>>> print(open('my_file.txt').read())   # compact mmCIF, C-alpha atoms
# COMPACT_ATOMS: atom_id res chain seq x y z
CA MET O 201 56.74 -17.93 -30.29
CA LYS O 202 53.12 -17.65 -31.35
CA THR O 203 51.98 -14.65 -33.35
CA ILE O 204 49.59 -12.15 -31.76
CA LYS O 205 46.92 -13.24 -34.23
CA ALA O 206 47.29 -16.88 -33.19
CA ILE O 207 47.10 -15.90 -29.51
CA LYS O 208 43.90 -13.91 -30.07
CA GLU O 209 42.36 -16.87 -31.87
CA ALA O 210 43.37 -19.22 -29.04
CA LEU O 211 41.92 -16.87 -26.40
CA ALA O 212 38.66 -16.64 -28.32
CA GLN O 213 38.17 -20.38 -27.90
CA GLU O 214 38.46 -20.36 -24.09
CA HIS O 215 36.03 -19.31 -21.36
CA THR O 216 38.13 -20.45 -18.39
CA TRP O 217 41.71 -19.76 -17.34
CA GLN O 218 44.24 -22.16 -18.86
CA GLU O 219 47.80 -22.86 -17.73
CA TRP O 220 49.29 -21.56 -20.99
CA MET O 221 47.77 -18.14 -20.27
CA THR O 222 50.21 -17.69 -17.38
CA GLU O 223 52.99 -17.43 -19.94
CA LEU O 224 51.10 -14.67 -21.74
CA GLU O 225 51.28 -12.54 -18.59
CA GLN O 226 55.04 -12.49 -19.03
CA ASP O 227 54.87 -11.60 -22.73
CA GLU O 228 56.16 -8.05 -23.26
CA ARG O 229 54.44 -7.52 -26.60
CA GLU O 230 51.82 -4.76 -26.35
CA GLY O 231 49.42 -6.63 -28.61
CA VAL O 232 49.53 -9.66 -26.35
CA LYS O 233 48.95 -7.56 -23.22
CA LYS O 234 45.89 -5.93 -24.79
CA ALA O 235 44.53 -9.25 -26.01
CA LEU O 236 44.83 -10.80 -22.55
CA GLN O 237 43.26 -7.76 -20.84
CA SER O 238 40.39 -7.86 -23.32
CA TRP O 239 39.88 -11.58 -22.67
CA LYS O 240 39.80 -11.00 -18.89
CA ARG O 241 37.21 -8.22 -19.25
CA GLN O 242 35.05 -10.46 -21.43
CA GLN O 243 35.23 -13.27 -18.88
CA GLU O 244 34.35 -10.92 -16.03
CA LYS O 245 31.32 -9.75 -18.01
CA ARG O 246 30.34 -13.33 -18.80
CA GLU O 247 30.75 -14.35 -15.16
CA LYS O 248 28.51 -11.46 -14.07
CA LEU O 249 25.87 -12.49 -16.62
CA GLN O 250 26.10 -16.07 -15.38
CA GLN O 251 25.63 -14.98 -11.76
CA GLU O 252 22.62 -12.82 -12.68
CA HIS O 253 21.19 -15.69 -14.74
CA GLU O 254 21.56 -18.14 -11.86
CA ALA O 255 19.95 -15.64 -9.48
CA LYS O 256 16.89 -15.35 -11.76
CA ILE O 257 16.61 -19.14 -12.01
CA GLN O 258 16.90 -19.51 -8.22
CA PHE O 259 14.21 -16.84 -7.78
CA ASP O 260 11.79 -18.83 -9.94
CA ASP O 261 12.82 -22.13 -8.35
CA ALA O 262 11.88 -20.80 -4.91
CA TYR O 263 8.23 -20.95 -5.97
CA ARG O 264 8.30 -24.56 -7.17
CA THR O 265 6.29 -26.54 -4.64
CA TYR O 266 7.65 -29.79 -6.09
CA GLU O 267 10.25 -30.85 -8.64
CA GLY O 268 8.95 -30.30 -12.14
CA ALA O 269 6.31 -27.75 -11.12
CA TYR O 270 5.46 -25.25 -13.85
CA ILE O 271 6.22 -21.61 -13.07
CA ALA O 272 4.65 -19.01 -15.37
CA GLY O 273 5.88 -15.43 -15.58
CA THR O 274 3.70 -12.65 -16.96
CA ASP O 275 4.46 -9.04 -17.86
CA GLU O 276 3.13 -6.19 -19.96
CA ALA O 277 4.27 -3.62 -22.49
CA GLY O 278 2.57 -0.37 -23.38
CA ARG O 279 0.75 0.95 -20.32
CA GLY O 280 1.99 4.50 -20.88
CA PRO O 281 1.58 5.26 -24.61
CA LEU O 282 -1.12 7.51 -26.05
CA ALA O 283 -1.86 5.04 -28.84
CA GLY O 284 -1.98 1.33 -29.47
CA PRO O 285 -2.89 -1.66 -27.30
CA VAL O 286 -1.38 -2.80 -24.06
CA VAL O 287 0.23 -6.17 -24.73
CA THR O 288 0.86 -8.89 -22.16
CA ALA O 289 2.63 -12.22 -22.36
CA ALA O 290 2.90 -15.32 -20.21
CA VAL O 291 5.79 -17.78 -20.41
CA ILE O 292 6.67 -21.13 -18.86
CA LEU O 293 10.37 -21.96 -19.17
CA PRO O 294 12.29 -25.17 -18.51
CA ALA O 295 13.80 -25.37 -15.03
CA LYS O 296 17.24 -24.87 -16.57
CA CYS O 297 17.50 -22.66 -19.62
CA ASP O 298 21.12 -21.72 -20.33
CA ALA O 299 20.17 -20.58 -23.83
CA LEU O 300 18.67 -17.44 -22.24
CA LEU O 301 21.90 -16.33 -20.56
CA GLY O 302 21.88 -12.52 -20.53
CA LEU O 303 18.08 -12.23 -20.64
CA ASN O 304 16.96 -9.15 -18.73
CA ASP O 305 14.23 -6.54 -18.52
CA SER O 306 13.31 -5.70 -22.13
CA LYS O 307 13.97 -1.99 -21.48
CA GLN O 308 17.60 -2.81 -20.67
CA LEU O 309 18.26 -4.56 -23.98
CA SER O 310 18.85 -3.22 -27.48
CA LEU O 311 16.36 -3.83 -30.28
CA GLU O 312 18.70 -6.41 -31.81
CA LYS O 313 19.08 -8.26 -28.51
CA ARG O 314 15.32 -8.27 -27.92
CA GLU O 315 14.72 -9.80 -31.32
CA GLN O 316 17.37 -12.47 -30.66
CA PHE O 317 15.89 -13.34 -27.28
CA MET O 318 12.37 -13.40 -28.71
CA ARG O 319 13.43 -16.17 -31.10
CA LEU O 320 15.25 -18.06 -28.34
CA ILE O 321 12.25 -17.84 -26.00
CA GLU O 322 9.91 -19.11 -28.71
CA GLU O 323 12.34 -21.97 -29.35
CA HIS O 324 12.93 -23.04 -25.74
CA ALA O 325 9.77 -22.11 -23.82
CA LEU O 326 7.53 -24.99 -22.75
CA ALA O 327 4.53 -22.72 -23.34
CA SER O 328 3.91 -19.06 -24.16
CA TYR O 329 0.99 -16.83 -25.02
CA ILE O 330 0.63 -13.18 -26.05
CA HIS O 331 -2.54 -11.13 -25.57
CA PHE O 332 -3.43 -7.76 -27.10
CA GLN O 333 -5.79 -5.54 -25.11
CA SER O 334 -7.39 -2.98 -27.43
CA GLU O 335 -7.52 0.78 -27.06
CA LYS O 336 -11.30 0.50 -26.71
CA ALA O 337 -10.93 -1.86 -23.74
CA ILE O 338 -8.37 0.47 -22.18
CA ASP O 339 -10.75 3.44 -22.50
CA THR O 340 -13.66 1.39 -21.13
CA LEU O 341 -11.91 -0.32 -18.22
CA ASN O 342 -8.97 2.06 -17.43
CA ILE O 343 -5.38 1.09 -18.14
CA TYR O 344 -4.75 -0.73 -14.86
CA GLU O 345 -7.78 -3.01 -15.09
CA ALA O 346 -7.26 -3.55 -18.81
CA THR O 347 -3.72 -4.70 -18.11
CA ARG O 348 -4.84 -6.99 -15.28
CA GLN O 349 -7.44 -8.66 -17.46
CA SER O 350 -4.95 -9.00 -20.30
CA MET O 351 -2.43 -10.72 -18.02
CA LYS O 352 -5.15 -13.10 -16.89
CA ALA O 353 -5.97 -13.86 -20.53
CA SER O 354 -2.28 -14.56 -21.21
CA ILE O 355 -2.13 -17.05 -18.34
CA GLU O 356 -5.35 -18.73 -19.44
CA GLY O 357 -4.06 -18.94 -23.01
CA LEU O 358 -1.05 -21.09 -22.07
CA SER O 359 -1.14 -24.64 -23.45
CA ILE O 360 0.16 -25.86 -20.06
CA GLN O 361 -1.58 -24.84 -16.84
CA PRO O 362 1.04 -23.44 -14.48
CA ASP O 363 1.34 -24.48 -10.84
CA PHE O 364 2.39 -20.98 -9.80
CA VAL O 365 2.24 -17.55 -11.45
CA LEU O 366 4.74 -14.72 -11.03
CA ALA O 367 3.21 -11.43 -12.17
CA ASP O 368 5.14 -8.22 -12.58
CA ALA O 369 3.68 -5.79 -10.01
CA MET O 370 0.13 -7.07 -10.43
CA THR O 371 -2.36 -9.27 -8.56
CA LEU O 372 -4.61 -11.27 -10.86
CA ASP O 373 -8.09 -12.77 -10.53
CA ILE O 374 -6.97 -16.37 -11.02
CA ALA O 375 -7.37 -19.52 -8.95
CA ILE O 376 -3.70 -20.44 -9.44
CA PRO O 377 -1.30 -19.54 -6.58
CA GLN O 378 0.53 -16.35 -7.45
CA GLU O 379 2.98 -13.70 -6.33
CA SER O 380 3.09 -10.05 -7.34
CA VAL O 381 6.76 -9.17 -7.89
CA ILE O 382 7.91 -5.53 -7.97
CA LYS O 383 10.45 -5.07 -10.79
CA GLY O 384 9.93 -8.74 -11.54
CA ASP O 385 11.58 -8.56 -14.96
CA ALA O 386 14.91 -7.91 -13.20
CA LYS O 387 14.44 -10.74 -10.67
CA SER O 388 12.66 -13.58 -12.47
CA LEU O 389 13.75 -15.32 -15.67
CA SER O 390 10.18 -16.22 -16.60
CA ILE O 391 8.94 -12.64 -16.09
CA ALA O 392 11.90 -11.31 -18.09
CA ALA O 393 10.99 -13.70 -20.91
CA ALA O 394 7.37 -12.48 -20.81
CA SER O 395 8.64 -8.90 -20.90
CA ILE O 396 10.57 -9.60 -24.10
CA LEU O 397 7.64 -11.27 -25.85
CA ALA O 398 5.22 -8.49 -24.90
CA LYS O 399 7.61 -5.72 -25.92
CA THR O 400 8.62 -7.21 -29.28
CA ALA O 401 5.03 -8.14 -30.17
CA ARG O 402 3.84 -4.61 -29.42
CA ASP O 403 6.71 -3.01 -31.34
CA HIS O 404 5.94 -5.16 -34.38
CA TYR O 405 2.28 -4.15 -34.18
CA MET O 406 3.10 -0.45 -33.94
CA GLU O 407 5.34 -0.79 -37.01
CA GLN O 408 2.28 -2.05 -38.88
CA MET O 409 0.27 0.89 -37.56
CA ASP O 410 2.97 3.22 -38.84
CA GLU O 411 2.21 1.99 -42.35
CA LYS O 412 -1.55 2.21 -41.81
CA TYR O 413 -1.40 5.71 -40.31
CA PRO O 414 1.62 7.45 -41.90
CA GLY O 415 2.93 10.69 -40.48
CA TYR O 416 2.57 9.90 -36.78
CA GLY O 417 5.89 8.07 -36.39
CA PHE O 418 4.43 5.03 -34.62
CA ALA O 419 7.38 2.85 -35.67
CA LYS O 420 9.76 5.27 -33.99
CA HIS O 421 8.03 6.09 -30.68
CA ALA O 422 5.57 3.15 -30.41
CA GLY O 423 2.74 5.50 -29.47
CA TYR O 424 4.42 7.25 -26.54
CA GLY O 425 3.83 10.97 -26.08
CA THR O 426 6.97 12.30 -27.70
CA LYS O 427 7.20 15.82 -29.08
CA GLN O 428 7.00 14.45 -32.61
CA HIS O 429 3.89 12.43 -31.77
CA LEU O 430 2.09 15.33 -30.09
CA GLU O 431 2.85 17.62 -33.03
CA ALA O 432 1.53 14.98 -35.43
CA ILE O 433 -1.73 14.69 -33.48
CA GLN O 434 -2.17 18.49 -33.65
CA GLN O 435 -1.57 18.49 -37.40
CA LEU O 436 -3.23 15.24 -38.48
CA GLY O 437 -5.82 14.62 -35.79
CA VAL O 438 -6.68 11.63 -33.62
CA THR O 439 -6.59 8.13 -35.15
CA PRO O 440 -8.78 5.13 -34.24
CA ILE O 441 -5.85 3.61 -32.31
CA HIS O 442 -5.40 6.59 -30.00
CA ARG O 443 -6.58 6.17 -26.40
CA LYS O 444 -9.48 8.60 -26.01
CA THR O 445 -9.27 8.78 -22.20
CA PHE O 446 -5.56 9.72 -22.18
CA GLU O 447 -4.45 13.34 -22.06
CA PRO O 448 -3.99 15.46 -24.10
CA ILE O 449 -6.22 13.47 -26.47
CA LYS O 450 -9.20 13.57 -24.07
CA SER O 451 -9.10 17.38 -23.88
CA MET O 452 -8.63 17.72 -27.64
CA LEU O 453 -11.73 15.62 -28.31
CA GLN O 454 -13.76 17.56 -25.73
CA LYS O 455 -12.91 20.83 -27.48
CA GLU O 456 -14.05 19.40 -30.79
>>> encode(input="my_file.txt", output="structure tokens")
Amino acid sequence: MKTIKAIKEALAQEHTWQEWMTELEQDEREGVKKALQSWKRQQEKREKLQQEHEAKIQFDDAYRTYEGAYIAGTDEAGRGPLAGPVVTAAVILPAKCDALLGLNDSKQLSLEKREQFMRLIEEHALASYIHFQSEKAIDTLNIYEATRQSMKASIEGLSIQPDFVLADAMTLDIAIPQESVIKGDAKSLSIAAASILAKTARDHYMEQMDEKYPGYGFAKHAGYGTKQHLEAIQQLGVTPIHRKTFEPIKSMLQKE
């Protein structure tokens, strides 16, 4: 009879049901029962991730007008913060990209997972580009138009011209055929990949700004209007990276 440790090790090596597992269902040892239940839960989770992954691939594939057509996804990060740029990214992935199993909307993933996926995307993407739209441009254009122009710049920055563009909830001024997809980062693998690149790039930038402008907590809240951030603005004042047309900064500057 195999030890519980040996059974756990054997289960860890398998992702599909094996005949020898049927015997484990008859094993009365509590440790074996728990190990088998844990393995089943892990496989159910993996199967769900696989189904979601395939659905995202099929979504992108539906826009390929011919085999081998390049589909670019684009998304943004940072439309809502009081400080820092809005960052957009565009990504073209291979038609099949199993390395990105589990990739989802950046907001649904932990910091550690985002960093892991960022490296995987950079490794496997056929082309990618990240664009930073400054606070000055946001104040001049408005946040919506600044984001639109940044997405366009991301698409134009790709080393491969896409045949079709999937943009997260945005219509762009480009000659390439496109589709605006509501909640695209949950439906499209390429948009989800762009979401990760934009989010991680912006977070890294705001960490640098935290060192440049200490006391505001930029590394913690990434420029969003948290209580800590608002208190810091009251105490320390407005920095060059704050968006001057966003409230309450606009009103504070008018009073001054």
>>> closest_residue(input="my_file.txt", among="O:Ala346, O:Leu320, O:Ile433, O:Leu389", to="Gly278 in chain O", atoms="all atoms listed in the file")
O:Ala346
>>> axis_aligned_box(input="my_file.txt", around="range 430-433 of chain O", padding_each_side="8 Å", output="AutoDock Vina command-line options")
--center_x 0.6 --center_y 16.2 --center_z -32.8 --size_x 20.6 --size_y 18.9 --size_z 21.3
>>> atom_distance(input="my_file.txt", atom1="CA of Asp305 in chain O", atom2="CA of Glu345 in chain O")
22.6 Å
>>> atom_distance(input="my_file.txt", atom1="CA of Ser328 in chain O", atom2="CA of Ile292 in chain O")
6.3 Å
>>> closest_residue(input="my_file.txt", among="O:Gln250, O:Gln434, O:Ser380, O:Gln258", to="Gly302 in chain O", atoms="all atoms listed in the file")
O:Gln250
>>> closest_residue(input="my_file.txt", among="O:Gln333, O:Thr288, O:Arg246, O:Glu456", to="Asp275 in chain O", atoms="only C-alpha atoms")
O:Thr288
>>> closest_residue(input="my_file.txt", among="O:Met351, O:Glu356, O:Val438, O:Ile391", to="Leu372 in chain O", atoms="all atoms listed in the file")
O:Met351
>>> residues_around(input="my_file.txt", residues="Asp260 in chain O", least_positions_apart="5", cutoff="9 Å", atoms="all atoms listed in the file", output="list in words")
Ala255, Ile271, Ala272, Gly273, Ala295, Leu366, Lys387, Ser388, Leu389 and Ser390 of chain O
>>> closest_residue(input="my_file.txt", among="O:Leu453, O:Ile376, O:Leu341, O:Asp298", to="Gln361 in chain O", atoms="only C-alpha atoms")
O:Ile376
>>> residues_around(input="my_file.txt", residues="Ala235 in chain O", least_positions_apart="4", cutoff="8 Å", atoms="only C-alpha atoms", output="PyMOL selection string")
chain O and resi 207-208+231+239
>>> atom_distance(input="my_file.txt", atom1="CA of Leu430 in chain O", atom2="CA of Asp410 in chain O")
15.0 Å
>>> closest_residue(input="my_file.txt", among="O:Thr274, O:Gln378, O:Ser238, O:Ser359", to="Ala398 in chain O", atoms="all atoms listed in the file")
O:Thr274
>>> residues_near_point(input="my_file.txt", point="(-12.9, 5.2, -23.4)", cutoff="6 Å", atoms="only C-alpha atoms", output="list in words")
Lys336, Asp339, Thr340, Lys444 and Thr445 of chain O
>>> residues_around(input="my_file.txt", residues="Thr216 in chain O", least_positions_apart="6", cutoff="12 Å", atoms="only C-alpha atoms", output="count of residues only")
8
>>> residues_around(input="my_file.txt", residues="Asp403 in chain O", least_positions_apart="4", cutoff="9 Å", atoms="all atoms listed in the file", output="PyMOL selection string")
chain O and resi 398-399+407-408+418-419+422
>>> decode(input="my_file.txt", residues="range 244-267 of chain O", atoms="N, CA, C and O atoms", output="short mmCIF file (atom, residue, chain, number, x, y, z; two decimals), in the first residue's frame")
data_model
loop_
_atom_site.label_atom_id
_atom_site.label_comp_id
_atom_site.auth_asym_id
_atom_site.auth_seq_id
_atom_site.Cartn_x
_atom_site.Cartn_y
_atom_site.Cartn_z
N GLU O 244 -11.10 20.78 -11.42
CA GLU O 244 -12.30 21.54 -11.78
C GLU O 244 -11.94 23.00 -12.05
O GLU O 244 -12.44 23.61 -13.00
N LYS O 245 -11.06 23.55 -11.21
CA LYS O 245 -10.61 24.93 -11.40
C LYS O 245 -9.84 25.06 -12.70
O LYS O 245 -10.04 26.01 -13.46
N ARG O 246 -8.96 24.09 -12.96
CA ARG O 246 -8.17 24.13 -14.19
C ARG O 246 -9.07 24.00 -15.42
O ARG O 246 -8.86 24.68 -16.43
N GLU O 247 -10.08 23.13 -15.33
CA GLU O 247 -10.99 22.94 -16.45
C GLU O 247 -11.78 24.23 -16.73
O GLU O 247 -11.99 24.60 -17.89
N LYS O 248 -12.18 24.91 -15.66
CA LYS O 248 -12.90 26.18 -15.82
C LYS O 248 -12.00 27.21 -16.49
O LYS O 248 -12.43 27.93 -17.40
N LEU O 249 -10.75 27.29 -16.04
CA LEU O 249 -9.79 28.22 -16.65
C LEU O 249 -9.58 27.90 -18.12
O LEU O 249 -9.50 28.80 -18.96
N GLN O 250 -9.52 26.59 -18.44
CA GLN O 250 -9.32 26.18 -19.82
C GLN O 250 -10.53 26.58 -20.68
O GLN O 250 -10.35 27.07 -21.81
N GLN O 251 -11.72 26.40 -20.15
CA GLN O 251 -12.93 26.77 -20.89
C GLN O 251 -12.97 28.28 -21.13
O GLN O 251 -13.32 28.74 -22.24
N GLU O 252 -12.63 29.06 -20.10
CA GLU O 252 -12.62 30.52 -20.24
C GLU O 252 -11.55 30.95 -21.25
O GLU O 252 -11.76 31.88 -22.03
N HIS O 253 -10.41 30.28 -21.20
CA HIS O 253 -9.31 30.58 -22.13
C HIS O 253 -9.73 30.31 -23.56
O HIS O 253 -9.52 31.14 -24.46
N GLU O 254 -10.35 29.16 -23.78
CA GLU O 254 -10.81 28.80 -25.13
C GLU O 254 -11.88 29.78 -25.63
O GLU O 254 -11.91 30.13 -26.81
N ALA O 255 -12.73 30.23 -24.72
CA ALA O 255 -13.77 31.18 -25.10
C ALA O 255 -13.16 32.51 -25.55
O ALA O 255 -13.62 33.12 -26.53
N LYS O 256 -12.11 32.96 -24.87
CA LYS O 256 -11.44 34.20 -25.25
C LYS O 256 -10.74 34.05 -26.60
O LYS O 256 -10.77 34.97 -27.43
N ILE O 257 -10.13 32.90 -26.84
CA ILE O 257 -9.48 32.64 -28.12
C ILE O 257 -10.51 32.61 -29.25
O ILE O 257 -10.31 33.20 -30.31
N GLN O 258 -11.64 31.93 -29.01
CA GLN O 258 -12.70 31.85 -30.02
C GLN O 258 -13.28 33.23 -30.31
O GLN O 258 -13.63 33.53 -31.45
N PHE O 259 -13.37 34.07 -29.27
CA PHE O 259 -13.87 35.44 -29.47
C PHE O 259 -12.96 36.19 -30.45
O PHE O 259 -13.44 36.81 -31.40
N ASP O 260 -11.66 36.12 -30.22
CA ASP O 260 -10.71 36.79 -31.11
C ASP O 260 -10.73 36.18 -32.50
O ASP O 260 -10.68 36.89 -33.51
N ASP O 261 -10.80 34.85 -32.55
CA ASP O 261 -10.79 34.15 -33.84
C ASP O 261 -11.97 34.56 -34.73
O ASP O 261 -11.87 34.53 -35.95
N ALA O 262 -13.08 34.92 -34.10
CA ALA O 262 -14.28 35.29 -34.87
C ALA O 262 -14.05 36.52 -35.74
O ALA O 262 -14.80 36.75 -36.69
N TYR O 263 -13.01 37.28 -35.43
CA TYR O 263 -12.72 38.50 -36.20
C TYR O 263 -11.60 38.30 -37.21
O TYR O 263 -11.21 39.26 -37.89
N ARG O 264 -11.09 37.07 -37.33
CA ARG O 264 -10.06 36.81 -38.34
C ARG O 264 -10.74 36.59 -39.69
O ARG O 264 -11.48 35.64 -39.87
N THR O 265 -10.48 37.47 -40.61
CA THR O 265 -11.10 37.36 -41.94
C THR O 265 -10.45 36.28 -42.79
O THR O 265 -11.02 35.84 -43.78
N TYR O 266 -9.26 35.86 -42.39
CA TYR O 266 -8.58 34.75 -43.07
C TYR O 266 -7.59 34.12 -42.10
O TYR O 266 -7.21 34.74 -41.09
N GLU O 267 -7.18 32.90 -42.36
CA GLU O 267 -6.25 32.21 -41.48
C GLU O 267 -4.92 32.95 -41.44
O GLU O 267 -4.35 33.30 -42.46
#
